[in-house]
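Below is target-v4.txt, holding compact mmCIF, C-alpha atoms.
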# COMPACT_ATOMS: atom_id res chain seq x y z
CA MET F 1 150.59 134.15 70.18
CA LYS F 2 147.21 133.07 71.57
CA GLY F 3 146.93 130.56 74.36
CA SER F 4 144.08 128.45 75.72
CA LYS F 5 141.42 130.54 77.45
CA TYR F 6 141.82 128.23 80.46
CA GLY F 7 145.61 128.57 80.60
CA THR F 8 146.52 125.00 79.66
CA HIS F 9 149.29 126.34 77.40
CA ARG F 10 151.24 127.26 80.56
CA VAL F 11 151.23 123.78 82.09
CA ILE F 12 154.79 122.41 82.35
CA LYS F 13 154.37 119.31 84.52
CA ASN F 14 151.32 117.10 84.00
CA LYS F 15 150.70 118.19 80.42
CA GLY F 16 147.01 118.00 79.58
CA ASP F 17 145.98 119.15 83.05
CA LEU F 18 144.33 122.46 83.77
CA PRO F 19 146.64 124.91 85.57
CA GLN F 20 145.12 124.35 89.02
CA PRO F 21 145.88 120.63 89.45
CA ALA F 22 149.13 120.85 87.44
CA GLU F 23 152.31 120.29 89.42
CA LYS F 24 154.08 123.21 87.75
CA ILE F 25 153.13 126.00 85.36
CA ASP F 26 155.07 128.52 83.28
CA ASN F 27 155.32 131.80 85.19
CA SER F 28 157.27 133.77 82.60
CA MET F 29 155.67 137.19 82.43
CA GLU F 30 155.59 137.72 78.66
CA ILE F 31 151.87 137.59 78.03
CA TYR F 32 149.95 135.76 75.32
CA ASP F 33 147.44 137.74 73.26
CA ASN F 34 144.55 136.62 75.49
CA GLU F 35 146.15 137.18 78.89
CA ILE F 36 146.37 140.09 81.35
CA LEU F 37 149.58 141.10 83.11
CA ILE F 38 149.14 142.37 86.68
CA ASP F 39 151.53 144.36 88.83
CA VAL F 40 150.82 142.64 92.16
CA LYS F 41 150.49 144.66 95.35
CA THR F 42 149.06 142.24 97.93
CA LEU F 43 148.43 138.51 98.22
CA ASN F 44 145.60 137.25 100.42
CA ILE F 45 146.67 133.70 101.21
CA ASP F 46 143.90 131.16 101.74
CA SER F 47 143.28 130.79 105.48
CA ALA F 48 143.88 127.03 105.58
CA SER F 49 147.10 127.47 103.58
CA PHE F 50 148.42 130.35 105.67
CA THR F 51 147.60 128.54 108.92
CA GLN F 52 149.65 125.56 107.70
CA ILE F 53 152.55 127.78 106.55
CA LYS F 54 152.66 129.63 109.89
CA LYS F 55 152.66 126.32 111.75
CA GLU F 56 155.51 124.96 109.60
CA ALA F 57 157.48 128.19 110.10
CA GLU F 58 156.71 128.23 113.82
CA GLY F 59 155.50 131.82 113.40
CA ASP F 60 158.86 133.10 112.13
CA LYS F 61 158.21 135.70 109.43
CA GLU F 62 161.49 135.05 107.63
CA LYS F 63 160.63 131.35 107.41
CA ILE F 64 157.11 132.20 106.23
CA ALA F 65 158.64 134.27 103.43
CA GLU F 66 161.05 131.44 102.56
CA ILE F 67 158.21 128.90 102.36
CA MET F 68 156.13 131.17 100.14
CA GLN F 69 159.08 131.84 97.83
CA ARG F 70 159.84 128.12 97.67
CA ILE F 71 156.27 127.27 96.71
CA VAL F 72 156.27 129.80 93.86
CA LYS F 73 159.74 128.75 92.67
CA ASN F 74 158.80 125.07 92.60
CA ARG F 75 155.33 125.43 91.12
CA GLY F 76 155.19 128.76 89.23
CA LYS F 77 152.16 129.68 91.36
CA HIS F 78 151.28 129.93 95.05
CA HIS F 79 149.79 126.45 95.30
CA ASN F 80 150.39 125.05 98.79
CA PRO F 81 151.34 121.37 98.32
CA VAL F 82 150.03 120.48 101.79
CA THR F 83 146.57 122.07 101.69
CA GLY F 84 146.18 122.24 97.90
CA SER F 85 144.87 125.81 98.18
CA GLY F 86 146.10 129.25 97.17
CA GLY F 87 144.32 132.53 97.84
CA MET F 88 143.90 135.57 95.62
CA LEU F 89 145.54 138.90 94.89
CA VAL F 90 145.14 142.62 94.36
CA GLY F 91 147.15 144.48 91.77
CA VAL F 92 147.19 147.01 88.96
CA VAL F 93 146.57 146.07 85.33
CA GLU F 94 149.89 146.56 83.52
CA GLU F 95 149.17 145.08 80.10
CA ILE F 96 146.18 143.57 78.27
CA GLY F 97 146.55 141.09 75.41
CA GLU F 98 145.41 142.55 72.11
CA ASP F 99 143.05 139.66 71.43
CA ILE F 100 140.83 140.49 74.46
CA ALA F 101 141.43 144.22 74.92
CA ASP F 102 138.16 145.24 73.24
CA ASP F 103 136.06 142.56 74.94
CA ILE F 104 136.64 143.34 78.61
CA ASP F 105 135.85 146.31 80.85
CA LEU F 106 139.46 146.87 81.92
CA GLU F 107 142.08 149.42 81.08
CA VAL F 108 145.76 149.64 81.92
CA GLY F 109 146.01 151.24 85.38
CA ASP F 110 142.82 149.73 86.81
CA GLU F 111 143.20 148.23 90.28
CA ILE F 112 141.59 144.82 90.47
CA ALA F 113 141.19 141.79 92.69
CA THR F 114 141.48 138.45 90.96
CA LEU F 115 138.63 136.12 91.86
CA VAL F 116 140.44 132.96 90.82
CA SER F 117 142.77 131.01 93.06
CA LEU F 118 146.48 131.65 93.34
CA SER F 119 146.75 127.87 92.96
CA LEU F 120 146.26 128.35 89.21
CA THR F 121 147.67 131.87 88.71
CA PRO F 122 151.17 132.28 87.18
CA LEU F 123 153.04 134.34 89.77
CA VAL F 124 156.48 135.84 90.34
CA ILE F 125 157.46 137.23 93.75
CA ASP F 126 160.42 139.61 93.40
CA GLU F 127 160.31 140.75 97.01
CA ILE F 128 158.14 140.22 100.08
CA LEU F 129 157.57 143.59 101.70
CA GLU F 130 155.30 142.89 104.66
CA ILE F 131 153.65 139.84 106.20
CA ARG F 132 150.51 140.47 108.27
CA GLU F 133 150.07 137.18 110.12
CA ASP F 134 146.75 138.10 111.73
CA THR F 135 145.03 138.83 108.41
CA ASP F 136 146.70 136.32 106.02
CA GLN F 137 147.80 139.24 103.80
CA VAL F 138 151.27 139.67 102.32
CA ASP F 139 152.45 142.79 100.48
CA ILE F 140 154.88 142.01 97.67
CA LYS F 141 156.64 143.29 94.61
CA GLY F 142 155.75 140.91 91.84
CA LYS F 143 153.78 140.08 88.71
CA ALA F 144 150.94 137.73 87.86
CA ILE F 145 148.99 136.54 84.84
CA LEU F 146 145.20 136.37 84.55
CA PHE F 147 143.90 133.98 81.90
CA GLU F 148 141.09 134.85 79.51
CA SER F 149 138.67 132.76 81.57
CA GLY F 150 139.79 134.38 84.83
CA ILE F 151 137.25 136.44 86.74
CA TYR F 152 138.05 139.64 88.58
CA ALA F 153 136.49 142.62 90.31
CA LYS F 154 137.48 146.25 90.13
CA LEU F 155 138.16 147.53 93.61
CA PRO F 156 135.29 149.61 95.03
CA ASP F 157 135.72 153.30 95.83
CA ASP F 158 133.98 153.16 99.20
CA MET F 159 136.46 150.95 101.08
CA SER F 160 140.20 150.45 101.42
CA ARG F 161 142.20 148.02 99.29
CA ASN F 162 142.96 145.73 102.23
CA LEU F 163 139.35 145.63 103.37
CA ALA F 164 138.05 144.89 99.87
CA LEU F 165 140.71 142.20 99.41
CA ALA F 166 139.76 140.53 102.68
CA ILE F 167 136.09 140.44 101.73
CA LEU F 168 136.58 139.33 98.14
CA ASP F 169 138.88 136.52 99.26
CA VAL F 170 135.88 134.76 100.83
CA ALA F 171 133.15 136.13 98.54
CA GLY F 172 131.87 132.65 97.73
CA ALA F 173 130.86 131.96 101.33
CA PRO F 174 128.18 134.64 101.91
CA ALA F 175 126.98 134.35 98.31
CA GLN F 176 126.47 130.59 98.60
CA THR F 177 124.81 131.14 101.98
CA ALA F 178 122.38 133.53 100.31
CA LYS F 179 121.49 130.78 97.82
CA LEU F 180 121.21 127.94 100.32
CA VAL F 181 119.26 129.49 103.22
CA ASN F 182 115.46 129.49 102.95
CA PRO F 183 112.98 131.42 105.12
CA GLY F 184 112.38 129.57 108.38
CA ASP F 185 115.56 127.47 108.19
CA SER F 186 117.66 126.60 111.19
CA VAL F 187 121.28 127.31 110.25
CA LEU F 188 124.49 126.35 112.05
CA ILE F 189 127.68 128.20 111.13
CA ILE F 190 130.88 126.54 112.33
CA GLY F 191 133.81 128.93 112.61
CA ALA F 192 131.33 131.78 112.98
CA GLY F 193 133.74 134.25 114.53
CA GLY F 194 136.12 134.37 111.57
CA LYS F 195 135.97 136.48 108.44
CA SER F 196 133.91 134.17 106.23
CA GLY F 197 131.82 133.05 109.20
CA THR F 198 130.87 136.62 110.08
CA LEU F 199 129.73 137.36 106.53
CA CYS F 200 127.76 134.11 106.45
CA LEU F 201 126.04 134.96 109.74
CA HIS F 202 124.74 138.19 108.23
CA GLU F 203 123.38 136.47 105.13
CA ALA F 204 121.93 133.55 107.10
CA GLN F 205 120.09 135.85 109.49
CA LYS F 206 118.83 137.95 106.59
CA ARG F 207 117.60 134.95 104.54
CA ALA F 208 116.20 132.77 107.36
CA GLY F 209 114.12 135.66 108.67
CA ILE F 210 112.29 135.96 111.96
CA SER F 211 110.89 132.42 111.66
CA GLY F 212 114.36 130.93 111.25
CA GLU F 213 117.18 130.42 113.70
CA VAL F 214 120.91 131.05 113.32
CA ILE F 215 123.33 129.21 115.60
CA ALA F 216 126.99 130.20 115.80
CA LEU F 217 129.63 127.69 116.86
CA GLU F 218 133.05 129.16 117.60
CA TYR F 219 136.16 127.70 119.23
CA SER F 220 137.48 130.75 121.10
CA GLU F 221 135.83 132.91 123.73
CA GLU F 222 137.11 135.93 121.81
CA GLY F 223 135.29 134.76 118.68
CA CYS F 224 132.10 134.10 120.66
CA GLU F 225 132.24 137.59 122.13
CA ARG F 226 132.74 139.06 118.63
CA VAL F 227 129.59 137.30 117.40
CA ARG F 228 127.72 138.38 120.53
CA LYS F 229 128.58 142.04 119.97
CA LEU F 230 127.52 141.87 116.33
CA GLY F 231 124.14 140.41 117.32
CA LEU F 232 124.09 138.07 114.33
CA ALA F 233 123.15 134.78 116.02
CA ASP F 234 120.16 133.57 118.00
CA LYS F 235 122.40 131.16 119.93
CA ILE F 236 126.16 131.14 120.42
CA ILE F 237 128.01 127.95 121.33
CA GLN F 238 131.66 127.68 122.27
CA GLY F 239 132.98 124.34 121.09
CA ASP F 240 135.69 122.40 119.31
CA ALA F 241 134.56 121.32 115.85
CA THR F 242 137.20 118.58 115.75
CA LYS F 243 135.22 116.74 118.46
CA PRO F 244 132.04 115.61 116.67
CA THR F 245 130.26 113.87 119.55
CA GLU F 246 130.67 116.94 121.77
CA VAL F 247 129.36 119.17 118.99
CA LEU F 248 126.39 116.83 118.47
CA THR F 249 125.49 117.00 122.16
CA LYS F 250 125.61 120.80 122.17
CA ILE F 251 123.53 121.11 118.99
CA GLU F 252 120.95 118.63 120.31
CA GLU F 253 120.65 120.76 123.44
CA ALA F 254 120.36 123.97 121.42
CA THR F 255 117.67 122.57 119.08
CA ASP F 256 115.75 120.29 121.47
CA GLY F 257 117.04 117.31 119.54
CA GLU F 258 115.83 118.58 116.17
CA LEU F 259 119.29 119.37 114.71
CA VAL F 260 119.63 121.96 111.91
CA ASP F 261 118.47 122.26 108.32
CA LEU F 262 121.78 123.64 107.07
CA THR F 263 125.34 123.63 108.38
CA ILE F 264 127.99 125.92 106.93
CA ASN F 265 131.63 125.05 107.63
CA CYS F 266 133.99 128.06 107.65
CA VAL F 267 136.88 126.69 109.71
CA ASN F 268 140.51 126.69 108.56
CA ILE F 269 141.66 123.41 110.14
CA PRO F 270 141.06 119.75 109.18
CA ASN F 271 138.97 117.06 110.87
CA THR F 272 135.72 119.00 111.29
CA GLU F 273 133.68 117.13 108.69
CA LEU F 274 131.81 114.78 111.03
CA SER F 275 130.74 117.57 113.36
CA CYS F 276 128.92 119.14 110.42
CA VAL F 277 127.31 115.87 109.37
CA LEU F 278 126.14 114.92 112.86
CA ALA F 279 124.69 118.37 113.56
CA THR F 280 122.54 118.30 110.43
CA LYS F 281 119.13 116.67 109.99
CA ASP F 282 118.54 113.79 107.63
CA SER F 283 117.72 115.39 104.26
CA GLY F 284 119.47 118.56 105.44
CA LYS F 285 122.46 120.20 103.76
CA VAL F 286 126.09 120.80 104.66
CA TYR F 287 128.08 123.47 102.83
CA PHE F 288 131.83 122.98 103.14
CA PHE F 289 133.40 126.34 102.35
CA SER F 290 136.68 125.54 104.09
CA MET F 291 139.61 124.42 101.94
CA ALA F 292 140.74 122.31 104.90
CA THR F 293 137.87 119.92 104.21
CA SER F 294 138.50 116.31 103.24
CA PHE F 295 135.59 115.35 101.06
CA THR F 296 136.53 111.69 101.43
CA ALA F 297 136.18 112.04 105.21
CA ALA F 298 132.87 113.85 104.78
CA ALA F 299 131.37 111.32 102.39
CA LEU F 300 132.55 108.20 104.18
CA GLY F 301 131.78 109.74 107.56
CA ALA F 302 128.17 110.42 106.56
CA GLU F 303 127.87 106.89 105.26
CA GLY F 304 129.34 105.51 108.46
CA VAL F 305 126.78 107.23 110.71
CA GLY F 306 123.86 106.64 108.33
CA LYS F 307 123.17 110.28 107.56
CA ASP F 308 121.36 111.18 104.32
CA THR F 309 122.71 114.71 104.09
CA GLU F 310 123.30 116.63 100.89
CA MET F 311 126.88 117.89 100.90
CA VAL F 312 127.83 120.95 98.88
CA ILE F 313 131.43 121.51 97.83
CA GLY F 314 132.71 125.00 98.60
CA ASN F 315 132.87 126.43 95.11
CA GLY F 316 134.59 129.78 95.56
CA TYR F 317 132.54 131.19 92.71
CA THR F 318 128.84 131.76 92.36
CA LYS F 319 127.09 134.33 90.22
CA ASN F 320 127.43 137.89 91.58
CA HIS F 321 129.44 136.66 94.56
CA ALA F 322 131.70 139.72 94.66
CA GLU F 323 128.75 142.11 94.71
CA ILE F 324 126.92 140.09 97.37
CA ALA F 325 129.95 139.95 99.67
CA LEU F 326 130.75 143.65 99.35
CA GLN F 327 127.10 144.49 99.94
CA VAL F 328 127.22 142.75 103.33
CA VAL F 329 129.66 145.33 104.71
CA ARG F 330 127.65 148.12 103.12
CA GLU F 331 124.48 146.86 104.81
CA ASN F 332 126.05 146.07 108.15
CA LYS F 333 127.98 148.99 109.63
CA ASP F 334 129.07 146.91 112.64
CA ILE F 335 130.78 144.34 110.39
CA LYS F 336 132.41 147.10 108.37
CA GLU F 337 133.70 148.77 111.54
CA LEU F 338 135.04 145.46 112.85
CA PHE F 339 136.77 144.57 109.59
CA GLU F 340 138.24 148.05 109.24
CA LYS F 341 139.92 147.65 112.62
CA ILE F 342 141.38 144.31 111.55
CA TYR F 343 142.36 144.98 107.94
CA LEU F 344 143.35 148.65 107.78

Rewrite the coordinates I just gave you, this time as structure tokens.
Amino acid sequence: MKGSKYGTHRVIKNKGDLPQPAEKIDNSMEIYDNEILIDVKTLNIDSASFTQIKKEAEGDKEKIAEIMQRIVKNRGKHHNPVTGSGGMLVGVVEEIGEDIADDIDLEVGDEIATLVSLSLTPLVIDEILEIREDTDQVDIKGKAILFESGIYAKLPDDMSRNLALAILDVAGAPAQTAKLVNPGDSVLIIGAGGKSGTLCLHEAQKRAGISGEVIALEYSEEGCERVRKLGLADKIIQGDATKPTEVLTKIEEATDGELVDLTINCVNIPNTELSCVLATKDSGKVYFFSMATSFTAAALGAEGVGKDTEMVIGNGYTKNHAEIALQVVRENKDIKELFEKIYL
């Protein structure tokens, strides 16, 4: 019983779709010969998704659990219908399909993080054990399926499960930053005080070098102070990224009117697209990592203000992204210490 390597055999509603855009998928846990069964320990819900769920539940943990269970019941996966995003998980390999067992570097009992979205992962939640609202992590009893095409990472030995999960959840952000930043670039990171923003600051500073400049924009004073203590930005600006003209004024002041070569958006709320576009030079680049981004708003907004910026969609995967992200906390002891306080 061999299925499609991309999981299309599990699509129930919207036949012909891939599992991610499909309205509903089959989450029965009898595996096909080219699938992997995972005993799930922890879900790391996408930040934009979890922010929306918490707002809908008005912070009530029982309601958060009910919403999560409802999503999985209705869709066979944790695919938030409002944000369109999912997250990822950590679990233990329980069974490997015989068709792929000899072709992968996994054995039953290995603890892994899936590096594909929960929005395409067949999932069953038997019980929600703990909800950690401040870190977007939820401990559960449950099962999940990884397709043949699904990517994963074995958990490292030199950090805790929760810390590794937190880092791997946003692995695409620092890895894409490493690819996009050139020596001497001026780089603006919006949402710099958050998890993905912090990792991006490290990579941006490292890649731009002494001739470059890294500017951090953060909404809260607490986030600004966190960036200040880490020493990862040349300039720190407190501002609201949903107010593009205010952001433009502040970036013009910070750059003597030059604007920046590259803007990286790491926020978890909507309506920040135009701030990124306005802050970036003509012929510059904007990398939208946030799943709260409306690419329609970004494209039409850039057209409306006459900005010739190259806009990069936040692909959560880039080659070696897991290794790059984990290496950040190995290189930067201050980030590791900060994250350990938050995620342990």

List every protein, DNA or RNA residue with an atom no more than 10 Å from (143.4, 143.2, 84.7) in the file's coordinates, counting all atoms listed in the file, and format the result as a PyMOL selection string. chain F and resi 35-39+90-96+104-114+144-147+150-154

Using only C-alpha atoms, tabulate the residues of region 231-289 of chain F lying at most 8 Å from any atom of region 207-226 of chain F, each with its closest atom pair and that distance in Å to one decimal, by chain and increasing residue number, as a Markdown table.
| residue | atom | partner | partner_atom | distance |
| --- | --- | --- | --- | --- |
| F:Leu232 | CA | F:Val214 | CA | 7.8 |
| F:Ala233 | CA | F:Val214 | CA | 5.1 |
| F:Asp234 | CA | F:Val214 | CA | 5.4 |
| F:Lys235 | CA | F:Ile215 | CA | 4.8 |
| F:Ile236 | CA | F:Ala216 | CA | 4.8 |
| F:Ile237 | CA | F:Leu217 | CA | 4.8 |
| F:Gln238 | CA | F:Glu218 | CA | 5.1 |
| F:Gly239 | CA | F:Tyr219 | CA | 5.0 |
| F:Asp240 | CA | F:Tyr219 | CA | 5.3 |
| F:Ala241 | CA | F:Tyr219 | CA | 7.4 |

C-alpha atoms of the current selection, written as a PDB file, in the frame of the given file:
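So part10.pdb came out as:
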ATOM      1  CA  LEU F 232     124.090 138.070 114.330  1.00  0.00           C
ATOM      2  CA  ALA F 233     123.150 134.780 116.020  1.00  0.00           C
ATOM      3  CA  ASP F 234     120.160 133.570 118.000  1.00  0.00           C
ATOM      4  CA  LYS F 235     122.400 131.160 119.930  1.00  0.00           C
ATOM      5  CA  ILE F 236     126.160 131.140 120.420  1.00  0.00           C
ATOM      6  CA  ILE F 237     128.010 127.950 121.330  1.00  0.00           C
ATOM      7  CA  GLN F 238     131.660 127.680 122.270  1.00  0.00           C
ATOM      8  CA  GLY F 239     132.980 124.340 121.090  1.00  0.00           C
ATOM      9  CA  ASP F 240     135.690 122.400 119.310  1.00  0.00           C
ATOM     10  CA  ALA F 241     134.560 121.320 115.850  1.00  0.00           C
TER      11      ALA F 241
END

Please, what distance in Å, to one decimal, runs between CA of Ile67 (chain F) and CA of Ala192 (chain F)?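 Those two atoms sit 29.0 Å apart.
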
Nearby residues (only C-alpha atoms) at most 12 Å from Thr8 (chain F), same-chain spacing under 6 positions excluded, as a list in words: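 Neighbouring residues, sequence-local ones excluded: Lys2, Asn14, Lys15, Gly16, Asp17, Leu18, Pro19, Gln20, Pro21, Ala22, Lys24, Ile25, Asp26, Leu120, Thr121, Pro122, Phe147, Glu148 and Ser149 of chain F.
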
File of the preceding selection, C-alpha atoms, as a PDB file, in the coordinates of the input:
ATOM      1  CA  LYS F   2     147.210 133.070  71.570  1.00  0.00           C
ATOM      2  CA  ASN F  14     151.320 117.100  84.000  1.00  0.00           C
ATOM      3  CA  LYS F  15     150.700 118.190  80.420  1.00  0.00           C
ATOM      4  CA  GLY F  16     147.010 118.000  79.580  1.00  0.00           C
ATOM      5  CA  ASP F  17     145.980 119.150  83.050  1.00  0.00           C
ATOM      6  CA  LEU F  18     144.330 122.460  83.770  1.00  0.00           C
ATOM      7  CA  PRO F  19     146.640 124.910  85.570  1.00  0.00           C
ATOM      8  CA  GLN F  20     145.120 124.350  89.020  1.00  0.00           C
ATOM      9  CA  PRO F  21     145.880 120.630  89.450  1.00  0.00           C
ATOM     10  CA  ALA F  22     149.130 120.850  87.440  1.00  0.00           C
ATOM     11  CA  LYS F  24     154.080 123.210  87.750  1.00  0.00           C
ATOM     12  CA  ILE F  25     153.130 126.000  85.360  1.00  0.00           C
ATOM     13  CA  ASP F  26     155.070 128.520  83.280  1.00  0.00           C
ATOM     14  CA  LEU F 120     146.260 128.350  89.210  1.00  0.00           C
ATOM     15  CA  THR F 121     147.670 131.870  88.710  1.00  0.00           C
ATOM     16  CA  PRO F 122     151.170 132.280  87.180  1.00  0.00           C
ATOM     17  CA  PHE F 147     143.900 133.980  81.900  1.00  0.00           C
ATOM     18  CA  GLU F 148     141.090 134.850  79.510  1.00  0.00           C
ATOM     19  CA  SER F 149     138.670 132.760  81.570  1.00  0.00           C
TER      20      SER F 149
END

Of the listed residues F:Leu199, F:Leu89, F:Val267, F:Cys276, that which approaches Leu155 (chain F) most closely, counting only C-alpha atoms: F:Leu89

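For the atom pair formed by CA of Pro183 (chain F) and CA of Glu331 (chain F), the distance is 19.3 Å, given to one decimal.
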